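Structure file coords_22.cif (mmCIF, C-alpha atoms) follows.
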data_entry
#
loop_
_atom_site.group_PDB
_atom_site.id
_atom_site.type_symbol
_atom_site.label_atom_id
_atom_site.label_comp_id
_atom_site.auth_asym_id
_atom_site.auth_seq_id
_atom_site.Cartn_x
_atom_site.Cartn_y
_atom_site.Cartn_z
ATOM 1 C CA MET M 1 -23.170 -25.230 -18.564
ATOM 2 C CA GLY M 2 -19.878 -23.739 -19.772
ATOM 3 C CA GLU M 3 -16.415 -24.645 -18.582
ATOM 4 C CA ARG M 4 -15.661 -23.803 -14.976
ATOM 5 C CA ARG M 5 -13.201 -20.972 -14.334
ATOM 6 C CA GLN M 6 -9.830 -22.149 -13.080
ATOM 7 C CA ILE M 7 -8.901 -20.131 -9.982
ATOM 8 C CA LEU M 8 -5.856 -20.449 -7.764
ATOM 9 C CA PHE M 9 -5.994 -19.653 -4.038
ATOM 10 C CA VAL M 10 -2.548 -18.606 -2.780
ATOM 11 C CA ILE M 11 -2.503 -18.918 1.019
ATOM 12 C CA ASN M 12 0.011 -17.220 3.295
ATOM 13 C CA PRO M 13 -0.141 -19.521 6.349
ATOM 14 C CA ILE M 14 1.349 -16.988 8.798
ATOM 15 C CA SER M 15 -0.350 -13.728 7.751
ATOM 16 C CA GLY M 16 -2.232 -11.886 10.472
ATOM 17 C CA GLY M 17 -1.352 -14.567 13.011
ATOM 18 C CA LYS M 18 -4.471 -16.504 11.994
ATOM 19 C CA SER M 19 -4.699 -20.261 11.413
ATOM 20 C CA LYS M 20 -5.657 -21.223 7.840
ATOM 21 C CA THR M 21 -6.020 -24.979 8.443
ATOM 22 C CA SER M 22 -9.766 -25.011 7.736
ATOM 23 C CA PHE M 23 -9.653 -22.512 4.864
ATOM 24 C CA LYS M 24 -9.750 -25.029 2.006
ATOM 25 C CA LYS M 25 -12.863 -26.696 3.449
ATOM 26 C CA GLN M 26 -14.481 -23.288 3.833
ATOM 27 C CA VAL M 27 -13.841 -22.469 0.169
ATOM 28 C CA LEU M 28 -15.317 -25.795 -0.951
ATOM 29 C CA ASP M 29 -18.413 -25.082 1.169
ATOM 30 C CA VAL M 30 -18.958 -21.477 0.023
ATOM 31 C CA LEU M 31 -17.533 -21.141 -3.498
ATOM 32 C CA ASP M 32 -19.942 -21.739 -6.384
ATOM 33 C CA MET M 33 -18.514 -25.022 -7.645
ATOM 34 C CA GLN M 34 -20.635 -24.882 -10.788
ATOM 35 C CA LYS M 35 -18.744 -21.750 -11.847
ATOM 36 C CA PHE M 36 -15.257 -22.373 -10.447
ATOM 37 C CA ASP M 37 -12.636 -25.096 -10.219
ATOM 38 C CA PRO M 38 -10.333 -24.090 -7.340
ATOM 39 C CA THR M 39 -6.697 -25.039 -6.759
ATOM 40 C CA PHE M 40 -4.789 -24.267 -3.543
ATOM 41 C CA GLN M 41 -1.145 -23.503 -2.801
ATOM 42 C CA GLU M 42 0.568 -22.229 0.352
ATOM 43 C CA THR M 43 3.529 -19.865 0.367
ATOM 44 C CA SER M 44 6.687 -21.044 2.113
ATOM 45 C CA TYR M 45 9.102 -18.106 1.974
ATOM 46 C CA ALA M 46 9.446 -14.421 1.079
ATOM 47 C CA ASN M 47 8.599 -13.679 -2.572
ATOM 48 C CA HIS M 48 7.078 -17.151 -3.021
ATOM 49 C CA ALA M 49 3.660 -15.638 -3.834
ATOM 50 C CA TYR M 50 5.265 -13.590 -6.619
ATOM 51 C CA GLU M 51 6.790 -16.737 -8.131
ATOM 52 C CA ILE M 52 3.448 -18.551 -7.890
ATOM 53 C CA GLY M 53 1.731 -15.574 -9.533
ATOM 54 C CA LEU M 54 4.154 -15.553 -12.479
ATOM 55 C CA ARG M 55 3.508 -19.270 -12.975
ATOM 56 C CA ALA M 56 -0.261 -18.671 -12.818
ATOM 57 C CA VAL M 57 0.059 -16.112 -15.634
ATOM 58 C CA LYS M 58 1.941 -18.629 -17.785
ATOM 59 C CA GLU M 59 -0.638 -21.302 -17.015
ATOM 60 C CA LYS M 60 -3.450 -18.859 -17.899
ATOM 61 C CA TYR M 61 -5.555 -19.143 -14.742
ATOM 62 C CA ASP M 62 -8.837 -17.234 -14.866
ATOM 63 C CA ALA M 63 -8.126 -15.605 -11.485
ATOM 64 C CA VAL M 64 -5.676 -15.761 -8.593
ATOM 65 C CA ILE M 65 -6.866 -15.197 -5.030
ATOM 66 C CA ALA M 66 -4.565 -13.743 -2.357
ATOM 67 C CA VAL M 67 -5.327 -15.236 1.056
ATOM 68 C CA GLY M 68 -3.144 -13.010 3.200
ATOM 69 C CA GLY M 69 -2.268 -9.412 3.958
ATOM 70 C CA ASP M 70 -1.009 -6.455 1.943
ATOM 71 C CA GLY M 71 2.395 -8.117 1.423
ATOM 72 C CA THR M 72 0.837 -11.193 -0.179
ATOM 73 C CA ILE M 73 -1.435 -8.958 -2.267
ATOM 74 C CA ASN M 74 1.601 -6.965 -3.376
ATOM 75 C CA GLU M 75 3.533 -10.039 -4.507
ATOM 76 C CA LEU M 76 0.620 -11.503 -6.455
ATOM 77 C CA GLY M 77 -0.476 -8.130 -7.836
ATOM 78 C CA SER M 78 3.081 -7.472 -9.029
ATOM 79 C CA ALA M 79 3.019 -10.762 -10.934
ATOM 80 C CA LEU M 80 -0.475 -10.249 -12.389
ATOM 81 C CA ALA M 81 -0.196 -6.528 -13.273
ATOM 82 C CA GLU M 82 -0.903 -5.854 -16.961
ATOM 83 C CA SER M 83 -1.684 -9.548 -17.581
ATOM 84 C CA GLY M 84 -5.471 -9.126 -17.572
ATOM 85 C CA ILE M 85 -5.839 -11.908 -14.984
ATOM 86 C CA PRO M 86 -7.908 -10.656 -12.026
ATOM 87 C CA LEU M 87 -6.688 -10.751 -8.433
ATOM 88 C CA GLY M 88 -9.134 -11.729 -5.718
ATOM 89 C CA ILE M 89 -8.570 -10.978 -2.040
ATOM 90 C CA VAL M 90 -9.493 -12.843 1.128
ATOM 91 C CA PRO M 91 -8.098 -10.385 3.714
ATOM 92 C CA GLU M 92 -5.992 -12.130 6.363
ATOM 93 C CA GLY M 93 -3.396 -9.489 7.199
ATOM 94 C CA SER M 94 -2.586 -7.174 10.069
ATOM 95 C CA GLY M 95 -3.862 -4.041 8.305
ATOM 96 C CA ASN M 96 -5.754 -5.049 5.130
ATOM 97 C CA GLY M 97 -5.535 -1.512 3.749
ATOM 98 C CA LEU M 98 -6.388 -2.175 0.099
ATOM 99 C CA ALA M 99 -9.183 -4.623 0.934
ATOM 100 C CA LEU M 100 -10.812 -2.170 3.354
ATOM 101 C CA TYR M 101 -10.666 0.621 0.769
ATOM 102 C CA LEU M 102 -12.238 -1.580 -1.916
ATOM 103 C CA GLY M 103 -15.013 -2.720 0.428
ATOM 104 C CA ILE M 104 -13.919 -6.363 0.451
ATOM 105 C CA PRO M 105 -15.322 -8.026 3.600
ATOM 106 C CA LEU M 106 -12.872 -8.988 6.335
ATOM 107 C CA ASN M 107 -15.055 -12.009 7.110
ATOM 108 C CA GLU M 108 -13.673 -15.059 5.252
ATOM 109 C CA THR M 109 -17.041 -16.475 4.208
ATOM 110 C CA ALA M 110 -18.288 -13.097 2.950
ATOM 111 C CA ALA M 111 -15.032 -12.511 1.032
ATOM 112 C CA ILE M 112 -15.320 -15.913 -0.667
ATOM 113 C CA ARG M 113 -18.956 -15.170 -1.572
ATOM 114 C CA ARG M 114 -17.776 -11.920 -3.163
ATOM 115 C CA ILE M 115 -15.588 -14.004 -5.514
ATOM 116 C CA ASN M 116 -18.724 -15.831 -6.703
ATOM 117 C CA ARG M 117 -19.956 -12.568 -8.286
ATOM 118 C CA PHE M 118 -16.718 -12.311 -10.291
ATOM 119 C CA GLU M 119 -17.030 -8.535 -10.678
ATOM 120 C CA PHE M 120 -13.907 -6.425 -10.648
ATOM 121 C CA VAL M 121 -12.449 -2.923 -10.757
ATOM 122 C CA GLU M 122 -9.249 -1.798 -12.432
ATOM 123 C CA VAL M 123 -6.716 -0.245 -10.054
ATOM 124 C CA ASP M 124 -3.554 1.755 -10.654
ATOM 125 C CA CYS M 125 -0.132 0.367 -9.851
ATOM 126 C CA GLY M 126 2.582 2.511 -8.308
ATOM 127 C CA THR M 127 6.203 1.839 -9.217
ATOM 128 C CA ILE M 128 9.178 2.533 -6.981
ATOM 129 C CA ASN M 129 12.540 1.842 -8.615
ATOM 130 C CA ASP M 130 12.056 -1.729 -9.918
ATOM 131 C CA ARG M 131 9.213 -2.642 -7.544
ATOM 132 C CA LYS M 132 5.422 -2.256 -7.701
ATOM 133 C CA PHE M 133 2.931 -1.193 -5.040
ATOM 134 C CA PHE M 134 -0.841 -0.980 -4.932
ATOM 135 C CA ASN M 135 -1.620 0.578 -1.566
ATOM 136 C CA ILE M 136 1.096 2.756 0.031
ATOM 137 C CA ALA M 137 4.879 2.984 -0.116
ATOM 138 C CA GLY M 138 6.888 5.185 2.170
ATOM 139 C CA LEU M 139 9.994 6.003 4.105
ATOM 140 C CA GLY M 140 10.731 7.400 7.511
ATOM 141 C CA PHE M 141 8.804 6.465 10.630
ATOM 142 C CA ASP M 142 6.285 4.052 9.041
ATOM 143 C CA ALA M 143 9.055 2.215 7.183
ATOM 144 C CA SER M 144 10.996 1.857 10.447
ATOM 145 C CA VAL M 145 7.856 0.471 12.097
ATOM 146 C CA SER M 146 7.444 -2.021 9.219
ATOM 147 C CA GLU M 147 11.042 -3.152 9.676
ATOM 148 C CA ASN M 148 10.525 -3.585 13.429
ATOM 149 C CA PHE M 149 7.208 -5.392 12.868
ATOM 150 C CA ALA M 150 8.854 -7.818 10.419
ATOM 151 C CA ASN M 151 11.021 -9.008 13.329
ATOM 152 C CA GLU M 152 8.174 -8.992 15.869
ATOM 153 C CA ASN M 153 6.856 -12.333 17.159
ATOM 154 C CA ILE M 154 3.377 -10.897 17.719
ATOM 155 C CA ARG M 155 1.367 -10.537 14.484
ATOM 156 C CA GLY M 156 -1.841 -8.601 13.906
ATOM 157 C CA PRO M 157 -2.717 -5.030 15.005
ATOM 158 C CA LEU M 158 -1.346 -5.571 18.540
ATOM 159 C CA GLY M 159 2.087 -6.471 17.217
ATOM 160 C CA TYR M 160 2.020 -3.454 14.897
ATOM 161 C CA LEU M 161 1.124 -1.145 17.798
ATOM 162 C CA LYS M 162 3.972 -2.590 19.867
ATOM 163 C CA SER M 163 6.403 -1.936 16.996
ATOM 164 C CA ALA M 164 5.149 1.651 16.589
ATOM 165 C CA ILE M 165 5.727 2.370 20.281
ATOM 166 C CA ASN M 166 9.207 0.798 20.155
ATOM 167 C CA VAL M 167 10.245 2.923 17.157
ATOM 168 C CA LEU M 168 8.639 6.164 18.393
ATOM 169 C CA SER M 169 10.762 6.193 21.541
ATOM 170 C CA LYS M 170 13.992 6.646 19.563
ATOM 171 C CA TYR M 171 13.011 7.887 16.100
ATOM 172 C CA LYS M 172 14.485 11.108 14.614
ATOM 173 C CA PRO M 173 13.131 12.968 11.519
ATOM 174 C CA SER M 174 15.299 13.041 8.379
ATOM 175 C CA ASP M 175 16.067 15.470 5.536
ATOM 176 C CA TYR M 176 14.717 14.755 2.053
ATOM 177 C CA LYS M 177 14.795 16.273 -1.404
ATOM 178 C CA LEU M 178 11.730 15.686 -3.558
ATOM 179 C CA TRP M 179 10.872 16.342 -7.181
ATOM 180 C CA ILE M 180 7.152 16.043 -7.927
ATOM 181 C CA ASP M 181 6.154 16.519 -11.582
ATOM 182 C CA GLY M 182 9.241 18.673 -12.101
ATOM 183 C CA LYS M 183 8.921 20.903 -9.017
ATOM 184 C CA GLU M 184 11.620 20.646 -6.329
ATOM 185 C CA TYR M 185 11.011 20.545 -2.569
ATOM 186 C CA GLU M 186 13.289 20.212 0.456
ATOM 187 C CA ARG M 187 11.754 18.929 3.657
ATOM 188 C CA LYS M 188 12.728 17.651 7.086
ATOM 189 C CA ALA M 189 10.075 15.008 7.604
ATOM 190 C CA PHE M 190 8.903 12.583 10.238
ATOM 191 C CA MET M 191 7.860 10.353 7.345
ATOM 192 C CA ILE M 192 6.852 10.470 3.681
ATOM 193 C CA SER M 193 4.106 8.218 2.355
ATOM 194 C CA VAL M 194 3.290 7.835 -1.326
ATOM 195 C CA ALA M 195 -0.338 6.783 -1.411
ATOM 196 C CA ASN M 196 -2.258 5.030 -4.160
ATOM 197 C CA SER M 197 -5.138 4.300 -1.766
ATOM 198 C CA PRO M 198 -6.152 6.435 1.236
ATOM 199 C CA GLN M 199 -5.267 4.150 4.133
ATOM 200 C CA TYR M 200 -2.501 2.034 5.602
ATOM 201 C CA GLY M 201 -5.009 -0.407 7.061
ATOM 202 C CA ASN M 202 -7.099 -0.725 10.216
ATOM 203 C CA ASN M 203 -8.945 2.408 8.973
ATOM 204 C CA ALA M 204 -5.902 4.674 9.487
ATOM 205 C CA TYR M 205 -6.204 7.209 6.635
ATOM 206 C CA ILE M 206 -3.012 9.053 5.676
ATOM 207 C CA ALA M 207 -4.337 10.374 2.322
ATOM 208 C CA PRO M 208 -8.118 10.780 2.628
ATOM 209 C CA GLN M 209 -8.578 12.042 -0.951
ATOM 210 C CA ALA M 210 -6.469 9.352 -2.671
ATOM 211 C CA SER M 211 -8.059 7.051 -5.239
ATOM 212 C CA VAL M 212 -6.763 3.797 -6.704
ATOM 213 C CA ASN M 213 -7.959 4.603 -10.205
ATOM 214 C CA ASP M 214 -7.332 8.325 -10.790
ATOM 215 C CA GLY M 215 -3.865 7.897 -12.342
ATOM 216 C CA ILE M 216 -2.308 10.040 -9.571
ATOM 217 C CA LEU M 217 -0.296 9.337 -6.413
ATOM 218 C CA ASP M 218 -0.585 11.442 -3.251
ATOM 219 C CA VAL M 219 2.766 12.338 -1.675
ATOM 220 C CA CYS M 220 2.038 12.764 2.052
ATOM 221 C CA ILE M 221 4.766 14.603 3.954
ATOM 222 C CA VAL M 222 4.358 14.415 7.716
ATOM 223 C CA HIS M 223 6.461 17.167 9.269
ATOM 224 C CA GLN M 224 8.192 16.949 12.612
ATOM 225 C CA PHE M 225 5.675 17.541 15.403
ATOM 226 C CA PRO M 226 5.934 17.844 19.199
ATOM 227 C CA LEU M 227 5.102 14.645 21.029
ATOM 228 C CA TYR M 228 2.174 16.224 22.868
ATOM 229 C CA ILE M 229 0.446 16.618 19.462
ATOM 230 C CA LEU M 230 0.482 12.818 18.931
ATOM 231 C CA PRO M 231 -3.103 12.214 20.199
ATOM 232 C CA LYS M 232 -4.378 14.883 17.797
ATOM 233 C CA MET M 233 -2.357 13.356 14.936
ATOM 234 C CA LEU M 234 -3.887 9.958 15.679
ATOM 235 C CA PHE M 235 -7.351 11.539 15.780
ATOM 236 C CA HIS M 236 -6.791 12.979 12.283
ATOM 237 C CA LEU M 237 -5.470 9.628 11.066
ATOM 238 C CA PHE M 238 -8.535 7.664 12.188
ATOM 239 C CA ASN M 239 -11.017 10.453 11.445
ATOM 240 C CA LYS M 240 -10.106 10.699 7.732
ATOM 241 C CA SER M 241 -8.847 14.242 8.285
ATOM 242 C CA ALA M 242 -5.043 13.957 8.029
ATOM 243 C CA ASP M 243 -5.129 16.473 5.176
ATOM 244 C CA GLN M 244 -6.471 19.056 7.659
ATOM 245 C CA SER M 245 -3.504 18.768 10.037
ATOM 246 C CA ASP M 246 -0.988 21.630 10.157
ATOM 247 C CA TYR M 247 1.755 18.987 10.209
ATOM 248 C CA VAL M 248 0.680 17.114 7.054
ATOM 249 C CA GLU M 249 1.400 18.323 3.509
ATOM 250 C CA ILE M 250 -0.104 16.378 0.597
ATOM 251 C CA ILE M 251 1.137 16.953 -2.968
ATOM 252 C CA PRO M 252 -0.392 14.967 -5.863
ATOM 253 C CA GLY M 253 1.865 13.800 -8.676
ATOM 254 C CA LYS M 254 2.698 11.222 -11.324
ATOM 255 C CA ASN M 255 6.482 11.455 -11.672
ATOM 256 C CA ILE M 256 8.231 11.596 -8.323
ATOM 257 C CA ARG M 257 11.814 11.381 -7.131
ATOM 258 C CA ILE M 258 12.780 11.291 -3.463
ATOM 259 C CA GLU M 259 16.366 11.513 -2.250
ATOM 260 C CA ALA M 260 17.159 10.818 1.380
ATOM 261 C CA VAL M 261 20.222 12.437 2.927
ATOM 262 C CA GLU M 262 20.793 9.180 4.785
ATOM 263 C CA ASN M 263 20.112 5.785 3.234
ATOM 264 C CA SER M 264 16.894 4.569 4.849
ATOM 265 C CA ILE M 265 14.558 1.601 4.768
ATOM 266 C CA VAL M 266 11.487 1.888 2.531
ATOM 267 C CA HIS M 267 8.252 0.013 2.995
ATOM 268 C CA ILE M 268 6.270 -1.214 0.003
ATOM 269 C CA ASP M 269 2.698 -2.105 0.950
ATOM 270 C CA GLY M 270 3.937 -2.596 4.508
ATOM 271 C CA GLU M 271 6.956 -4.780 3.684
ATOM 272 C CA PRO M 272 10.402 -3.285 4.497
ATOM 273 C CA VAL M 273 12.986 -3.201 1.680
ATOM 274 C CA ASP M 274 16.300 -1.444 1.086
ATOM 275 C CA LEU M 275 16.202 0.444 -2.223
ATOM 276 C CA GLY M 276 19.066 2.852 -1.581
ATOM 277 C CA ASP M 277 18.874 6.610 -1.051
ATOM 278 C CA CYS M 278 17.263 7.578 -4.381
ATOM 279 C CA LEU M 279 13.692 6.576 -5.217
ATOM 280 C CA ASP M 280 12.093 7.051 -8.631
ATOM 281 C CA ILE M 281 8.339 6.670 -8.336
ATOM 282 C CA GLY M 282 5.678 6.516 -11.038
ATOM 283 C CA ILE M 283 2.260 5.101 -11.797
ATOM 284 C CA ILE M 284 0.755 2.660 -14.301
ATOM 285 C CA PRO M 285 -2.945 3.511 -14.665
ATOM 286 C CA LYS M 286 -5.480 0.691 -14.330
ATOM 287 C CA ALA M 287 -2.788 -2.000 -14.385
ATOM 288 C CA LEU M 288 -4.562 -4.618 -12.233
ATOM 289 C CA LYS M 289 -8.059 -6.053 -12.131
ATOM 290 C CA VAL M 290 -9.245 -6.740 -8.585
ATOM 291 C CA ILE M 291 -12.353 -8.813 -7.804
ATOM 292 C CA CYS M 292 -14.539 -6.868 -5.419
#
Conversion result in structure tokens:
Amino acid sequence: MGERRQILFVINPISGGKSKTSFKKQVLDVLDMQKFDPTFQETSYANHAYEIGLRAVKEKYDAVIAVGGDGTINELGSALAESGIPLGIVPEGSGNGLALYLGIPLNETAAIRRINRFEFVEVDCGTINDRKFFNIAGLGFDASVSENFANENIRGPLGYLKSAINVLSKYKPSDYKLWIDGKEYERKAFMISVANSPQYGNNAYIAPQASVNDGILDVCIVHQFPLYILPKMLFHLFNKSADQSDYVEIIPGKNIRIEAVENSIVHIDGEPVDLGDCLDIGIIPKALKVIC
């Protein structure tokens, strides 16, 4: 028998509002201990997973497993990108967009069993100013919801829905200038999402044709729409048909610049950040290996 692979489980204890107290025992019960030698570490503050990931690269772990949501995945993926060290995912977030797209089970035991196979795909990495993203980045309504949700005491899909309703009641569309592969656009938009994968999470598809390994990002511009259209917009979102809506414009591209007339919050894989009013967005093809 060869040497066991050294893998690090990075656990976000508050993600998705779920308790993780029994997670280590579950791993020891399900993981193939003849193949793997697991280590565990919990995150304690924002960006802690990124720091742990950088250390894991230096220490040459054979894989790092994100036990959390899209924010935890983003931090670890940002640290592991272009290192060759695979990222595993045990989905524990409120949306789990990337995991759902890659077919990673939401059930903990099934997700851990998937790690035993140690098979992976290479996924693209989006860049936005000096930050990386793997699922979706955006500005406008969804970024405002992310900011509200970050301050919400209810986690999980219910908390996200509450935040969306809170923001919708007072949200106003904004003006944007965009340059996509050299072509200029001016739009008043409800929101703009730059999608590497098709969905935000919870099977809400903003860019049904997007792919994580085609070397292209989908710029999804949601135009201002009357409130009575909202049920139809939601139908499109959950029916994988957003690209068929009269209020949604999707433009593929590799080199993207977005300027907001007013400085606005941006979300990166669901986490709100302030990057100023000018966003330079690109893509690094097949930058990250993901166990799936």
Open item on the list: One decimal, in Å: what's the spacing between CA of Ile128 in chain M and CA of Ile268 in chain M?
Closed with: 8.4 Å
Task: Å distance separating CA of Asn74 in chain M from CA of Arg4 in chain M, one decimal place - done: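 Distance between the two atoms: 26.8 Å.
Minimum atom-to-atom distance to His267 in chain M, evaluated using all atoms listed in the file, belongs to M:Ala195 out of M:Ala195, M:Leu168, M:Ile11, M:Ile112.
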TODO: Would you kindly return, as a PyMOL selection string, each protein, DNA or RNA residue with an atom no farther than 10 Å from any atom of range 56-64 of chain M, considering all atoms listed in the file and excluding same-chain residues fewer than 3 positions away?
DONE: chain M and resi 4-10+36-40+50-53+67+76-77+79-81+83-89+115+118+289-291
Based on the selection just made, write C-alpha atoms of those residues as a tab-separated table (two decimals), keeping the file's coordinate frame.
chain	number	residue	atom	x	y	z
M	4	ARG	CA	-15.66	-23.80	-14.98
M	5	ARG	CA	-13.20	-20.97	-14.33
M	6	GLN	CA	-9.83	-22.15	-13.08
M	7	ILE	CA	-8.90	-20.13	-9.98
M	8	LEU	CA	-5.86	-20.45	-7.76
M	9	PHE	CA	-5.99	-19.65	-4.04
M	10	VAL	CA	-2.55	-18.61	-2.78
M	36	PHE	CA	-15.26	-22.37	-10.45
M	37	ASP	CA	-12.64	-25.10	-10.22
M	38	PRO	CA	-10.33	-24.09	-7.34
M	39	THR	CA	-6.70	-25.04	-6.76
M	40	PHE	CA	-4.79	-24.27	-3.54
M	50	TYR	CA	5.26	-13.59	-6.62
M	51	GLU	CA	6.79	-16.74	-8.13
M	52	ILE	CA	3.45	-18.55	-7.89
M	53	GLY	CA	1.73	-15.57	-9.53
M	67	VAL	CA	-5.33	-15.24	1.06
M	76	LEU	CA	0.62	-11.50	-6.46
M	77	GLY	CA	-0.48	-8.13	-7.84
M	79	ALA	CA	3.02	-10.76	-10.93
M	80	LEU	CA	-0.48	-10.25	-12.39
M	81	ALA	CA	-0.20	-6.53	-13.27
M	83	SER	CA	-1.68	-9.55	-17.58
M	84	GLY	CA	-5.47	-9.13	-17.57
M	85	ILE	CA	-5.84	-11.91	-14.98
M	86	PRO	CA	-7.91	-10.66	-12.03
M	87	LEU	CA	-6.69	-10.75	-8.43
M	88	GLY	CA	-9.13	-11.73	-5.72
M	89	ILE	CA	-8.57	-10.98	-2.04
M	115	ILE	CA	-15.59	-14.00	-5.51
M	118	PHE	CA	-16.72	-12.31	-10.29
M	289	LYS	CA	-8.06	-6.05	-12.13
M	290	VAL	CA	-9.24	-6.74	-8.59
M	291	ILE	CA	-12.35	-8.81	-7.80
- [ ] Identify all residues satisfying the PyMOL selection byres ((chain M and resi 194) around 8) in the given file; provide them as a PyMOL selection string.
- [x] chain M and resi 136-138+192-193+195-196+217-220
TODO: Starting from the point (5.5, 4.5, 7.8), work out which residues of protein, DNA or RNA have an atom no more than 9 Å away when counting all atoms listed in the file; state them as a PyMOL selection string.
DONE: chain M and resi 137-146+191-193+200+266-267+270
Write the residues you've just listed into a file as a short mmCIF file (atom, residue, chain, number, x, y, z; two decimals), in the coordinates of the input, and include C-alpha atoms for each of them.
data_model
loop_
_atom_site.label_atom_id
_atom_site.label_comp_id
_atom_site.auth_asym_id
_atom_site.auth_seq_id
_atom_site.Cartn_x
_atom_site.Cartn_y
_atom_site.Cartn_z
CA ALA M 137 4.88 2.98 -0.12
CA GLY M 138 6.89 5.18 2.17
CA LEU M 139 9.99 6.00 4.11
CA GLY M 140 10.73 7.40 7.51
CA PHE M 141 8.80 6.46 10.63
CA ASP M 142 6.28 4.05 9.04
CA ALA M 143 9.06 2.22 7.18
CA SER M 144 11.00 1.86 10.45
CA VAL M 145 7.86 0.47 12.10
CA SER M 146 7.44 -2.02 9.22
CA MET M 191 7.86 10.35 7.34
CA ILE M 192 6.85 10.47 3.68
CA SER M 193 4.11 8.22 2.36
CA TYR M 200 -2.50 2.03 5.60
CA VAL M 266 11.49 1.89 2.53
CA HIS M 267 8.25 0.01 3.00
CA GLY M 270 3.94 -2.60 4.51
#
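Counting only C-alpha atoms and comparing M:Leu237, M:Leu106, M:Val121, M:Ala49, the residue that lies closest to Ala207 in chain M is M:Leu237.
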As a compact mmCIF listing (two decimals), in the coordinates of the input, please: range 13-30 of chain M completed to N, CA and C atoms.
# COMPACT_ATOMS: atom_id res chain seq x y z
N PRO M 13 0.29 -18.85 5.12
CA PRO M 13 -0.14 -19.52 6.35
C PRO M 13 0.13 -18.74 7.63
N ILE M 14 1.00 -17.71 7.57
CA ILE M 14 1.35 -16.99 8.80
C ILE M 14 0.79 -15.57 8.85
N SER M 15 0.12 -15.12 7.79
CA SER M 15 -0.35 -13.73 7.75
C SER M 15 -1.38 -13.47 8.84
N GLY M 16 -1.26 -12.32 9.47
CA GLY M 16 -2.23 -11.89 10.47
C GLY M 16 -2.27 -12.72 11.73
N GLY M 17 -1.37 -13.69 11.84
CA GLY M 17 -1.35 -14.57 13.01
C GLY M 17 -2.56 -15.47 13.11
N LYS M 18 -3.25 -15.70 11.98
CA LYS M 18 -4.47 -16.50 11.99
C LYS M 18 -4.21 -17.88 11.39
N SER M 19 -4.81 -18.91 11.97
CA SER M 19 -4.70 -20.26 11.41
C SER M 19 -5.50 -20.36 10.12
N LYS M 20 -4.95 -21.05 9.12
CA LYS M 20 -5.66 -21.22 7.84
C LYS M 20 -5.97 -22.70 7.58
N THR M 21 -5.89 -23.53 8.64
CA THR M 21 -6.02 -24.98 8.44
C THR M 21 -7.39 -25.38 7.88
N SER M 22 -8.43 -24.65 8.21
CA SER M 22 -9.77 -25.01 7.74
C SER M 22 -10.19 -24.21 6.51
N PHE M 23 -9.26 -23.43 5.94
CA PHE M 23 -9.65 -22.51 4.86
C PHE M 23 -10.11 -23.26 3.61
N LYS M 24 -9.39 -24.30 3.23
CA LYS M 24 -9.75 -25.03 2.01
C LYS M 24 -11.17 -25.58 2.11
N LYS M 25 -11.52 -26.16 3.26
CA LYS M 25 -12.86 -26.70 3.45
C LYS M 25 -13.90 -25.58 3.34
N GLN M 26 -13.56 -24.42 3.88
CA GLN M 26 -14.48 -23.29 3.83
C GLN M 26 -14.74 -22.86 2.38
N VAL M 27 -13.69 -22.81 1.59
CA VAL M 27 -13.84 -22.47 0.17
C VAL M 27 -14.75 -23.47 -0.53
N LEU M 28 -14.51 -24.75 -0.29
CA LEU M 28 -15.32 -25.80 -0.95
C LEU M 28 -16.78 -25.72 -0.52
N ASP M 29 -17.03 -25.23 0.69
CA ASP M 29 -18.41 -25.08 1.17
C ASP M 29 -19.11 -23.85 0.59
N VAL M 30 -18.35 -22.77 0.35
CA VAL M 30 -18.96 -21.48 0.02
C VAL M 30 -18.84 -21.13 -1.46
